[in-house]
Structures are given as structure tokens and as C-alpha cells.
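**Q** Pasting query.txt below, which is compact mmCIF, C-alpha atoms.
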```txt
# COMPACT_ATOMS: atom_id res chain seq x y z
CA MET A 1 234.78 -53.56 -72.01
CA VAL A 2 232.45 -54.28 -74.84
CA LEU A 3 235.30 -53.66 -77.26
CA THR A 4 237.55 -56.15 -75.48
CA ASP A 5 234.78 -58.72 -75.58
CA ARG A 6 234.48 -58.31 -79.32
CA VAL A 7 238.19 -58.71 -79.89
CA ASP A 8 238.19 -61.83 -77.79
CA ARG A 9 235.37 -63.33 -79.76
CA ARG A 10 237.06 -62.52 -83.06
CA GLN A 11 240.27 -64.11 -81.84
CA LEU A 12 238.34 -67.18 -80.80
CA LEU A 13 236.68 -67.39 -84.21
CA GLY A 14 240.04 -66.95 -85.87
CA ALA A 15 241.51 -69.72 -83.81
CA ALA A 16 238.60 -71.99 -84.69
CA ALA A 17 239.05 -71.25 -88.40
CA GLY A 18 242.75 -71.94 -88.05
CA THR A 19 242.02 -75.34 -86.61
CA ALA A 20 239.66 -76.12 -89.47
CA VAL A 21 242.28 -75.12 -92.04
CA ALA A 22 244.91 -77.19 -90.27
CA ALA A 23 242.59 -80.20 -90.26
CA SER A 24 241.87 -79.95 -93.98
CA THR A 25 245.57 -79.46 -94.75
CA LEU A 26 246.35 -82.62 -92.88
CA ALA A 27 243.66 -84.46 -94.79
CA GLY A 28 245.15 -83.12 -98.03
CA CYS A 29 248.54 -84.51 -97.08
CA GLY A 30 247.20 -88.01 -97.34
CA LEU A 31 247.30 -88.86 -93.67
CA PHE A 32 243.88 -90.33 -94.15
CA ASP A 33 244.43 -92.53 -97.16
CA ASP A 34 240.93 -93.95 -97.32
CA ASP A 35 239.59 -90.39 -97.76
CA PRO A 36 240.45 -89.37 -101.36
CA ASP A 37 241.01 -85.69 -102.14
CA PRO A 38 237.77 -84.18 -103.37
CA ALA A 39 238.10 -82.33 -106.69
CA PRO A 40 238.42 -78.59 -106.00
CA GLN A 41 235.07 -76.82 -106.30
CA PRO A 42 234.99 -74.88 -109.59
CA ASP A 43 234.58 -71.12 -109.24
CA ALA A 44 230.98 -69.90 -109.48
CA LEU A 45 231.99 -67.74 -112.45
CA GLN A 46 233.70 -70.55 -114.38
CA PRO A 47 230.56 -71.30 -116.48
CA LEU A 48 230.48 -67.62 -117.46
CA LEU A 49 234.11 -67.78 -118.54
CA ASP A 50 233.58 -70.99 -120.53
CA GLU A 51 230.60 -69.45 -122.26
CA ALA A 52 232.54 -66.29 -123.18
CA LEU A 53 235.25 -68.41 -124.82
CA ARG A 54 232.71 -70.58 -126.64
CA LEU A 55 230.90 -67.50 -127.97
CA ALA A 56 234.13 -65.83 -129.12
CA ALA A 57 235.06 -69.04 -130.95
CA ALA A 58 231.59 -69.29 -132.52
CA TYR A 59 231.89 -65.74 -133.89
CA ASP A 60 235.35 -66.54 -135.23
CA ARG A 61 234.05 -69.62 -137.04
CA VAL A 62 231.20 -67.70 -138.66
CA ALA A 63 233.55 -64.89 -139.68
CA VAL A 64 235.87 -67.40 -141.36
CA ALA A 65 232.99 -69.07 -143.17
CA GLN A 66 231.39 -65.80 -144.21
CA PRO A 67 233.93 -63.01 -144.57
CA GLY A 68 231.10 -60.62 -145.44
CA LEU A 69 229.98 -60.74 -141.81
CA ARG A 70 233.43 -60.25 -140.32
CA LYS A 71 233.17 -56.48 -139.85
CA ARG A 72 229.88 -56.83 -138.03
CA LEU A 73 230.82 -59.80 -135.88
CA SER A 74 234.43 -59.25 -134.88
CA PRO A 75 233.72 -56.46 -132.33
CA LEU A 76 231.31 -58.82 -130.58
CA ALA A 77 233.93 -61.56 -130.48
CA GLU A 78 236.39 -59.04 -129.03
CA ASP A 79 233.89 -58.15 -126.29
CA HIS A 80 233.69 -61.81 -125.30
CA ARG A 81 237.46 -62.13 -125.26
CA ALA A 82 237.67 -59.07 -123.00
CA HIS A 83 235.11 -60.69 -120.69
CA ALA A 84 237.01 -63.96 -120.67
CA ALA A 85 240.28 -62.22 -119.82
CA ALA A 86 238.71 -60.27 -116.95
CA LEU A 87 236.93 -63.36 -115.60
CA ALA A 88 240.10 -65.45 -115.79
CA ALA A 89 242.01 -62.77 -113.87
CA LEU A 90 239.26 -62.61 -111.26
CA ILE A 91 239.03 -66.38 -110.83
CA GLY A 92 242.77 -66.82 -111.01
CA VAL A 93 243.01 -69.22 -113.95
CA THR A 94 245.04 -69.09 -117.16
CA LEU A 95 243.14 -68.79 -120.42
CA PRO A 96 243.68 -71.58 -122.95
CA SER A 97 245.32 -70.33 -126.11
CA ALA A 98 242.78 -69.61 -128.83
CA ALA A 99 242.45 -72.19 -131.57
CA ALA A 100 240.20 -71.46 -134.53
CA SER A 101 238.45 -74.66 -135.43
CA ALA A 102 236.95 -75.79 -138.72
CA ALA A 103 234.33 -73.51 -140.18
CA PRO A 104 230.84 -74.67 -140.96
CA GLY A 105 229.16 -73.07 -143.94
CA GLY A 106 225.52 -72.10 -143.98
CA ASP A 107 223.39 -69.17 -144.83
CA ALA A 108 224.12 -65.84 -143.13
CA ALA A 109 220.69 -65.19 -141.67
CA GLN A 110 220.58 -68.63 -140.13
CA THR A 111 224.03 -68.28 -138.57
CA VAL A 112 223.30 -64.84 -137.18
CA ALA A 113 220.04 -66.17 -135.74
CA ALA A 114 221.96 -69.01 -134.07
CA LEU A 115 224.48 -66.59 -132.60
CA ARG A 116 221.66 -64.45 -131.33
CA LYS A 117 220.08 -67.43 -129.61
CA ALA A 118 223.42 -68.30 -128.01
CA GLU A 119 223.77 -64.73 -126.73
CA GLN A 120 220.31 -64.86 -125.18
CA ALA A 121 221.10 -68.12 -123.43
CA ALA A 122 224.42 -66.68 -122.23
CA GLN A 123 222.65 -63.60 -120.95
CA LYS A 124 220.49 -65.84 -118.76
CA THR A 125 223.58 -67.46 -117.24
CA ALA A 126 225.03 -64.05 -116.44
CA VAL A 127 221.77 -62.77 -114.96
CA ALA A 128 221.58 -65.84 -112.71
CA ALA A 129 225.21 -65.38 -111.65
CA CYS A 130 224.52 -61.73 -110.89
CA ARG A 131 221.77 -62.67 -108.48
CA THR A 132 224.16 -64.48 -106.13
CA ALA A 133 227.49 -62.79 -106.87
CA PRO A 134 229.30 -61.18 -103.94
CA ALA A 135 229.51 -57.38 -103.88
CA GLN A 136 233.08 -57.19 -105.20
CA ARG A 137 232.20 -59.25 -108.29
CA VAL A 138 228.66 -58.25 -109.13
CA ALA A 139 229.38 -55.10 -111.17
CA LEU A 140 231.60 -57.05 -113.56
CA VAL A 141 229.01 -59.81 -113.90
CA GLY A 142 226.26 -57.22 -114.42
CA SER A 143 228.19 -55.58 -117.25
CA ILE A 144 228.69 -58.96 -118.88
CA ALA A 145 224.95 -59.68 -118.69
CA ALA A 146 224.24 -56.27 -120.23
CA ALA A 147 226.83 -56.76 -122.97
CA ARG A 148 225.34 -60.11 -123.93
CA ALA A 149 221.86 -58.58 -124.10
CA ALA A 150 223.23 -55.75 -126.26
CA HIS A 151 224.88 -58.31 -128.55
CA ALA A 152 221.54 -60.02 -129.06
CA GLU A 153 220.11 -56.61 -129.96
CA ALA A 154 222.97 -55.92 -132.38
CA LEU A 155 222.20 -59.21 -134.17
CA ARG A 156 218.53 -58.49 -134.70
CA MET B 1 222.43 -48.12 -100.94
CA ASN B 2 220.41 -44.92 -100.57
CA ALA B 3 223.13 -42.75 -102.10
CA GLN B 4 223.39 -45.05 -105.13
CA LEU B 5 219.62 -45.17 -105.57
CA ALA B 6 219.49 -41.37 -105.35
CA ALA B 7 222.18 -41.16 -108.03
CA ALA B 8 220.15 -43.54 -110.22
CA LEU B 9 217.14 -41.26 -109.71
CA ALA B 10 219.19 -38.24 -110.79
CA ALA B 11 220.30 -40.13 -113.92
CA GLU B 12 216.72 -41.10 -114.75
CA GLU B 13 215.53 -37.49 -114.29
CA ALA B 14 218.30 -36.28 -116.58
CA ALA B 15 217.34 -38.93 -119.15
CA ILE B 16 213.69 -37.82 -119.13
CA TYR B 17 214.80 -34.23 -119.70
CA ALA B 18 217.20 -35.21 -122.47
CA TYR B 19 214.61 -37.30 -124.32
CA GLY B 20 212.16 -34.41 -124.13
CA THR B 21 214.73 -32.16 -125.75
CA LEU B 22 216.16 -34.51 -128.33
CA GLY B 23 212.82 -36.04 -129.27
CA VAL B 24 211.68 -32.90 -131.04
CA LYS B 25 214.73 -33.06 -133.33
CA LEU B 26 213.78 -36.51 -134.57
CA THR B 27 211.46 -36.66 -137.54
CA GLY B 28 211.59 -40.28 -138.72
CA THR B 29 208.83 -42.53 -137.43
CA GLY B 30 211.27 -45.19 -136.22
CA ASP B 31 213.39 -42.65 -134.32
CA ARG B 32 210.38 -40.96 -132.74
CA THR B 33 208.74 -44.21 -131.66
CA GLU B 34 211.98 -45.34 -130.10
CA ALA B 35 212.51 -42.04 -128.28
CA ARG B 36 208.98 -42.03 -126.94
CA ALA B 37 209.28 -45.62 -125.72
CA ALA B 38 212.60 -44.84 -124.06
CA GLU B 39 211.23 -41.78 -122.33
CA ALA B 40 208.28 -43.77 -121.00
CA VAL B 41 210.63 -46.43 -119.59
CA HIS B 42 212.74 -43.79 -117.84
CA ARG B 43 209.61 -42.20 -116.37
CA ASP B 44 208.43 -45.55 -115.05
CA ARG B 45 211.79 -46.19 -113.49
CA ARG B 46 211.86 -42.76 -111.95
CA ASP B 47 208.49 -43.50 -110.31
CA VAL B 48 209.74 -46.84 -109.00
CA LEU B 49 212.81 -45.12 -107.52
CA VAL B 50 210.80 -42.34 -105.92
CA ALA B 51 208.55 -44.93 -104.28
CA ARG B 52 211.49 -47.06 -103.12
CA LEU B 53 213.35 -44.08 -101.68
CA ALA B 54 210.21 -43.02 -99.83
CA GLU B 55 209.98 -46.53 -98.40
CA LEU B 56 213.56 -46.19 -97.24
CA ARG B 57 212.66 -42.83 -95.73
CA THR B 58 215.18 -41.00 -97.86
CA THR B 59 214.46 -37.65 -99.41
CA PRO B 60 216.67 -37.25 -102.44
CA ALA B 61 217.66 -33.81 -103.65
CA PRO B 62 214.95 -32.38 -105.89
CA ALA B 63 215.59 -32.60 -109.62
CA PRO B 64 217.14 -29.40 -110.95
CA ALA B 65 214.76 -27.07 -112.76
CA GLY B 66 216.94 -27.20 -115.86
CA TYR B 67 219.86 -29.14 -117.27
CA ARG B 68 222.79 -28.12 -119.36
CA LEU B 69 223.13 -30.52 -122.23
CA PRO B 70 226.68 -31.64 -122.99
CA PHE B 71 226.36 -30.24 -126.52
CA GLU B 72 223.83 -28.46 -128.64
CA ILE B 73 221.17 -30.54 -130.35
CA THR B 74 221.14 -29.28 -133.92
CA GLY B 75 219.67 -32.23 -135.77
CA ARG B 76 219.30 -35.97 -135.96
CA GLU B 77 222.96 -36.79 -135.59
CA SER B 78 223.48 -34.84 -132.37
CA ALA B 79 220.09 -36.04 -131.07
CA LEU B 80 221.12 -39.68 -131.50
CA LYS B 81 224.53 -38.96 -130.00
CA LEU B 82 222.84 -37.54 -126.91
CA ALA B 83 220.48 -40.51 -126.66
CA ILE B 84 223.49 -42.86 -126.66
CA GLN B 85 225.22 -40.77 -124.00
CA VAL B 86 222.10 -40.67 -121.86
CA GLU B 87 221.70 -44.45 -121.90
CA ASP B 88 225.38 -44.96 -121.14
CA GLY B 89 225.01 -42.59 -118.16
CA VAL B 90 221.92 -44.36 -116.86
CA ALA B 91 223.70 -47.71 -117.20
CA GLN B 92 226.60 -46.38 -115.11
CA ALA B 93 224.29 -45.19 -112.35
CA TRP B 94 222.51 -48.54 -112.12
CA ARG B 95 225.68 -50.59 -112.26
CA ALA B 96 226.81 -48.77 -109.12
CA VAL B 97 223.65 -49.96 -107.38
CA LEU B 98 224.51 -53.66 -107.87
CA PRO B 99 227.23 -54.04 -105.21
CA VAL B 100 225.19 -52.31 -102.52
CA THR B 101 221.97 -54.30 -103.02
CA GLU B 102 220.64 -57.83 -102.92
CA GLY B 103 217.43 -59.55 -103.90
CA ALA B 104 214.70 -57.46 -105.49
CA ASP B 105 216.66 -54.19 -105.42
CA ARG B 106 219.58 -55.82 -107.20
CA ALA B 107 217.25 -57.40 -109.76
CA THR B 108 215.74 -53.98 -110.49
CA ALA B 109 219.20 -52.47 -110.93
CA LEU B 110 220.31 -55.27 -113.24
CA SER B 111 217.18 -54.98 -115.42
CA ALA B 112 217.78 -51.24 -115.73
CA LEU B 113 221.46 -51.73 -116.60
CA ILE B 114 220.56 -54.32 -119.24
CA ASP B 115 217.77 -52.18 -120.68
CA SER B 116 220.00 -49.14 -121.02
CA ALA B 117 222.75 -51.16 -122.68
CA VAL B 118 220.23 -52.55 -125.18
CA ARG B 119 218.79 -49.08 -125.87
CA ALA B 120 222.25 -47.60 -126.37
CA THR B 121 222.97 -50.34 -128.90
CA ARG B 122 219.67 -49.70 -130.64
CA TRP B 123 220.52 -45.97 -130.93
CA ARG B 124 223.98 -46.78 -132.24
CA ARG B 125 222.42 -48.94 -134.93
CA LEU B 126 219.87 -46.26 -135.82
CA GLY B 127 222.71 -43.74 -136.01
CA SER B 128 224.99 -46.18 -137.90
CA VAL B 129 227.58 -45.88 -135.14
CA THR B 130 230.05 -48.79 -135.19
CA PRO B 131 230.67 -50.86 -133.30
CA ALA B 132 227.10 -50.99 -132.02
CA THR B 133 228.17 -52.50 -128.70
CA ILE B 134 230.69 -51.71 -125.98
CA PRO B 135 232.47 -54.40 -123.97
CA TRP B 136 231.55 -53.12 -120.51
CA PRO B 137 228.17 -51.38 -120.36
CA GLY B 138 227.91 -49.25 -117.24
CA ARG B 139 231.62 -49.16 -116.51
CA PRO B 140 232.56 -45.51 -116.00
```
For the file at hand, write its structure as C-alpha cells.
**A**
Amino acid sequence: MVLTDRVDRRQLLGAAAGTAVAASTLAGCGLFDDDPDPAPQPDALQPLLDEALRLAAAYDRVAVAQPGLRKRLSPLAEDHRAHAAALAALIGVTLPSAAASAAPGGDAAQTVAALRKAEQAAQKTAVAACRTAPAQRVALVGSIAAARAAHAEALR
Amino acid sequence: MNAQLAAALAAEEAAIYAYGTLGVKLTGTGDRTEARAAEAVHRDRRDVLVARLAELRTTPAPAPAGYRLPFEITGRESALKLAIQVEDGVAQAWRAVLPVTEGADRATALSALIDSAVRATRWRRLGSVTPATIPWPGRP
């Protein structure tokens, strides 16, 4: 009898959820015109994806400006692109096509130091995301945090 | 969670053994300092795991009396190769802890995963292995 009770409760919950979905769908249809559609909540991992793309682009710019660093930097840029692709697939968004922007000059040590700083900041974002990520996402986020930390080490 | 923590313990025990073996093949000051520091970190983490598993009232399998290394350590090159492999293995064990934990346990697992990834990169640099990083530390 306990089993039957449980099923009943689940069905009830399901029915309640169904009602909620129906209500929000109706709202979305514009039945309530004075209630504008709220912007869809961005995915919790979107900042991580944006950061991966920004970092990949930053490496590309430095590699263009200083070809001597290309061999050292391009694997790191590739890592970020791999992260971005996996995150986009997970979130369910399409990646923007890559566009290499204008290259700033500057001295190599200074640029590498700036990249290193950016990696450390990005590592913090990933660590924070890891704290709250659901079980099915956390391993991927953890690897990204570890990769960013390793990048900072590689740039020492 | 207990199974994953026990697997992390086994990885840490194996790392301690491996560093003991490979450390004697390293002669440079930089290499030796790094190996000693790494071994100390793995010992600390082993102790933390033993304490946590006791708290959870889990008795993990005792560490084997001996290990078979994946290849013979003949000199610096194979010693560094083993150090890289050890850190990659430890990273894998800790990554598997993430999905089954929350809060402090997850934070411990993440710190260990990050530390191992950083150490593996450091060993790759010392051994002039390129690239010095891998895209997915801890992914088997």
C-alpha cells in the first residue's frame, strides 16, 4: 500500500507541474499583454563559455602579434576552444564563428603575464561554478577549472 | 561517495609509492625538491582521506604491500614520465569524486584535481614534454 501511496503522490506532483507549465505557456502566448515576456535566464555555465572564447581569442591575438610565442600558446588556445565546444553542446547554444581581431603589440613577458592573470581569474570562475554545479555537469566544470590552473602554471 | 573516496585513497597510496621509487632516480636539485614536495602533498591527502573514511565508517581495502610500476625507471626521463602518469591518475580519481559529493567534500576533491593537473604540467615542463597541458585533466 505504501507503494501505491507513493505513485499517487508522484502523479499529483506531476499534475501540479503540468498545470504550472500550462500557465506559463499561456502567459508566453501573450494572453496577458501587460505582462511582458521576461528574458530567458542565461545558463549558469554561460559565463564559463564566454570566458573560454575570450581567452582563446586573446591567445590568438598574442600569437599573431608575436609569432615567436605561437608554438607555446596555440595548444592553450586549443584547450579553450575544446572547452567552449563542450560547454556549448551542454548548454545547447551555437558557438559564434571565430573572428581574429586586430593584434596589439607589446613585449612578450608582459603579454604572457597578462594571459596568466586572465587564466587565474578564469580559474576562479570555474571553481565557483563547480561548487554549485549539478552532478551531471560538475566533472566537466572541474576539468575546466584544473585546465585553467594548469595553463597559469604553463605560463610561469 | 565512499567507493569514489576509497579509489582516491588507492590513487594517493600509489602516488606515494611511485614518488618514493622515482625520487631516487632524480639528481637535479629542482627535480628532487619538486618530487619531495609532491610526495608530501600526496601523504597529506592520504591522511585526510583516511580520516574522512573513518568518519564515514568505511574501511577501505588496505594498501597493497607492493606495486608494479607501469614501466621500469631507468633514469630521469622515465622518472619524469612516471611522475606525469601518477598525477594524471590521481586527477582521474578525484574527478570521479566530484559528482558524488557536495560542499566541503567536493571542495577537497576539486583542490586535489587542480593540484594534480598543475603538478603534471610542472613535470611536463621539467621534462620538456609538449604540450605542457592537456585539455581535460582528470578525464579518463
**Q** So that each row is one residue of chain A with an atom at most 12 Å from chain B, can you give its shortest atom pair and the distance in Å to one decimal, using only C-alpha atoms, rows by chain and rising number, as a Markdown table?
**A**
```
| residue | atom | partner | partner_atom | distance |
| --- | --- | --- | --- | --- |
| A:Ala52 | CA | B:Pro135 | CA | 11.9 |
| A:Lys71 | CA | B:Pro131 | CA | 9.0 |
| A:Arg72 | CA | B:Pro131 | CA | 7.7 |
| A:Leu73 | CA | B:Pro131 | CA | 9.3 |
| A:Ser74 | CA | B:Pro131 | CA | 9.3 |
| A:Pro75 | CA | B:Pro131 | CA | 6.5 |
| A:Leu76 | CA | B:Thr133 | CA | 7.3 |
| A:Ala77 | CA | B:Pro135 | CA | 9.8 |
| A:Glu78 | CA | B:Pro135 | CA | 7.9 |
| A:Asp79 | CA | B:Pro135 | CA | 4.6 |
| A:His80 | CA | B:Pro135 | CA | 7.6 |
| A:Arg81 | CA | B:Pro135 | CA | 9.3 |
| A:Ala82 | CA | B:Pro135 | CA | 7.1 |
| A:His83 | CA | B:Pro135 | CA | 7.6 |
| A:Ala84 | CA | B:Pro135 | CA | 11.1 |
| A:Ala85 | CA | B:Pro135 | CA | 11.8 |
| A:Ala86 | CA | B:Trp136 | CA | 10.7 |
| A:Gln123 | CA | B:Ile114 | CA | 9.7 |
| A:Lys124 | CA | B:Ile114 | CA | 11.5 |
| A:Ala126 | CA | B:Leu110 | CA | 10.5 |
| A:Val127 | CA | B:Leu110 | CA | 7.8 |
| A:Ala128 | CA | B:Ala107 | CA | 9.9 |
| A:Ala129 | CA | B:Leu110 | CA | 11.3 |
| A:Cys130 | CA | B:Leu110 | CA | 8.1 |
| A:Arg131 | CA | B:Gly103 | CA | 7.0 |
| A:Thr132 | CA | B:Glu102 | CA | 8.2 |
| A:Ala133 | CA | B:Pro99 | CA | 8.9 |
| A:Pro134 | CA | B:Pro99 | CA | 7.5 |
| A:Ala135 | CA | B:Pro99 | CA | 4.3 |
| A:Gln136 | CA | B:Pro99 | CA | 6.6 |
| A:Arg137 | CA | B:Pro99 | CA | 7.8 |
| A:Val138 | CA | B:Pro99 | CA | 5.9 |
| A:Ala139 | CA | B:Arg95 | CA | 5.9 |
| A:Leu140 | CA | B:Trp136 | CA | 8.0 |
| A:Val141 | CA | B:Leu98 | CA | 9.7 |
| A:Gly142 | CA | B:Leu110 | CA | 6.4 |
| A:Ser143 | CA | B:Pro137 | CA | 5.2 |
| A:Ile144 | CA | B:Trp136 | CA | 6.7 |
| A:Ala145 | CA | B:Ile114 | CA | 7.0 |
| A:Ala146 | CA | B:Ile114 | CA | 4.3 |
| A:Ala147 | CA | B:Pro137 | CA | 6.1 |
| A:Arg148 | CA | B:Ile114 | CA | 8.9 |
| A:Ala149 | CA | B:Val118 | CA | 6.3 |
| A:Ala150 | CA | B:Val118 | CA | 4.5 |
| A:His151 | CA | B:Thr133 | CA | 6.7 |
| A:Ala152 | CA | B:Val118 | CA | 8.5 |
| A:Glu153 | CA | B:Val118 | CA | 6.3 |
| A:Ala154 | CA | B:Ala132 | CA | 6.4 |
| A:Leu155 | CA | B:Ala132 | CA | 9.8 |
| A:Arg156 | CA | B:Arg122 | CA | 9.7 |
```
**Q** Between atom CA of Pro62 of chain B and atom CA of Leu80 of chain B, what is the distance, to one decimal in Å?
**A**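 Between these atoms lies a distance of 27.3 Å.
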**Q** Do a neighbour search on segment 35-51 of chain B at 9 Å with all atoms listed in the file, toss out local chain neighbours closer than 6 positions, and write the hits as an MDAnalysis selection string.
**A** chainID B and resid 5:6 8:10 12:13 15:20 22:23 26 59:60 83 112 119
**Q** Can you sort out segment 12-31 of chain B so it carries N, CA, C and O atoms, written as an mmCIF file, in the coordinates of the input?
**A**
```cif
data_model
loop_
_atom_site.group_PDB
_atom_site.id
_atom_site.type_symbol
_atom_site.label_atom_id
_atom_site.label_comp_id
_atom_site.auth_asym_id
_atom_site.auth_seq_id
_atom_site.Cartn_x
_atom_site.Cartn_y
_atom_site.Cartn_z
ATOM 1 N N GLU B 12 218.000 -40.905 -114.065
ATOM 2 C CA GLU B 12 216.720 -41.100 -114.750
ATOM 3 C C GLU B 12 216.044 -39.754 -115.037
ATOM 4 O O GLU B 12 215.462 -39.555 -116.107
ATOM 5 N N GLU B 13 216.109 -38.825 -114.078
ATOM 6 C CA GLU B 13 215.530 -37.490 -114.290
ATOM 7 C C GLU B 13 216.221 -36.795 -115.462
ATOM 8 O O GLU B 13 215.574 -36.176 -116.313
ATOM 9 N N ALA B 14 217.542 -36.899 -115.492
ATOM 10 C CA ALA B 14 218.300 -36.280 -116.580
ATOM 11 C C ALA B 14 217.931 -36.906 -117.921
ATOM 12 O O ALA B 14 217.829 -36.220 -118.946
ATOM 13 N N ALA B 15 217.704 -38.233 -117.908
ATOM 14 C CA ALA B 15 217.340 -38.930 -119.150
ATOM 15 C C ALA B 15 215.977 -38.447 -119.656
ATOM 16 O O ALA B 15 215.794 -38.208 -120.856
ATOM 17 N N ILE B 16 215.033 -38.281 -118.735
ATOM 18 C CA ILE B 16 213.690 -37.820 -119.130
ATOM 19 C C ILE B 16 213.798 -36.436 -119.770
ATOM 20 O O ILE B 16 213.212 -36.168 -120.825
ATOM 21 N N TYR B 17 214.601 -35.577 -119.150
ATOM 22 C CA TYR B 17 214.800 -34.230 -119.700
ATOM 23 C C TYR B 17 215.437 -34.312 -121.092
ATOM 24 O O TYR B 17 214.991 -33.650 -122.037
ATOM 25 N N ALA B 18 216.468 -35.116 -121.196
ATOM 26 C CA ALA B 18 217.200 -35.210 -122.470
ATOM 27 C C ALA B 18 216.295 -35.734 -123.586
ATOM 28 O O ALA B 18 216.303 -35.199 -124.702
ATOM 29 N N TYR B 19 215.495 -36.759 -123.275
ATOM 30 C CA TYR B 19 214.610 -37.300 -124.320
ATOM 31 C C TYR B 19 213.580 -36.265 -124.737
ATOM 32 O O TYR B 19 213.216 -36.181 -125.916
ATOM 33 N N GLY B 20 213.099 -35.456 -123.789
ATOM 34 C CA GLY B 20 212.160 -34.410 -124.130
ATOM 35 C C GLY B 20 212.770 -33.426 -125.113
ATOM 36 O O GLY B 20 212.110 -32.955 -126.048
ATOM 37 N N THR B 21 214.054 -33.127 -124.906
ATOM 38 C CA THR B 21 214.730 -32.160 -125.750
ATOM 39 C C THR B 21 215.133 -32.740 -127.102
ATOM 40 O O THR B 21 214.959 -32.108 -128.139
ATOM 41 N N LEU B 22 215.661 -33.952 -127.064
ATOM 42 C CA LEU B 22 216.160 -34.510 -128.330
ATOM 43 C C LEU B 22 215.035 -35.059 -129.189
ATOM 44 O O LEU B 22 215.148 -35.097 -130.423
ATOM 45 N N GLY B 23 213.938 -35.453 -128.527
ATOM 46 C CA GLY B 23 212.820 -36.040 -129.270
ATOM 47 C C GLY B 23 212.273 -35.125 -130.343
ATOM 48 O O GLY B 23 211.919 -35.589 -131.436
ATOM 49 N N VAL B 24 212.256 -33.832 -130.062
ATOM 50 C CA VAL B 24 211.680 -32.900 -131.040
ATOM 51 C C VAL B 24 212.573 -32.734 -132.263
ATOM 52 O O VAL B 24 212.138 -32.218 -133.291
ATOM 53 N N LYS B 25 213.820 -33.177 -132.167
ATOM 54 C CA LYS B 25 214.730 -33.060 -133.330
ATOM 55 C C LYS B 25 214.670 -34.301 -134.212
ATOM 56 O O LYS B 25 215.341 -34.387 -135.223
ATOM 57 N N LEU B 26 213.885 -35.280 -133.787
ATOM 58 C CA LEU B 26 213.780 -36.510 -134.570
ATOM 59 C C LEU B 26 212.506 -36.448 -135.397
ATOM 60 O O LEU B 26 211.430 -36.126 -134.885
ATOM 61 N N THR B 27 212.625 -36.762 -136.678
ATOM 62 C CA THR B 27 211.460 -36.660 -137.540
ATOM 63 C C THR B 27 211.007 -38.018 -138.074
ATOM 64 O O THR B 27 209.829 -38.204 -138.359
ATOM 65 N N GLY B 28 211.948 -38.955 -138.190
ATOM 66 C CA GLY B 28 211.590 -40.280 -138.720
ATOM 67 C C GLY B 28 210.687 -41.022 -137.739
ATOM 68 O O GLY B 28 210.831 -40.890 -136.524
ATOM 69 N N THR B 29 209.768 -41.811 -138.284
ATOM 70 C CA THR B 29 208.830 -42.530 -137.430
ATOM 71 C C THR B 29 209.551 -43.492 -136.487
ATOM 72 O O THR B 29 209.239 -43.561 -135.299
ATOM 73 N N GLY B 30 210.525 -44.221 -137.033
ATOM 74 C CA GLY B 30 211.270 -45.190 -136.220
ATOM 75 C C GLY B 30 211.970 -44.502 -135.054
ATOM 76 O O GLY B 30 211.874 -44.952 -133.911
ATOM 77 N N ASP B 31 212.668 -43.416 -135.347
ATOM 78 C CA ASP B 31 213.390 -42.650 -134.320
ATOM 79 C C ASP B 31 212.426 -42.162 -133.248
ATOM 80 O O ASP B 31 212.697 -42.273 -132.045
#
```
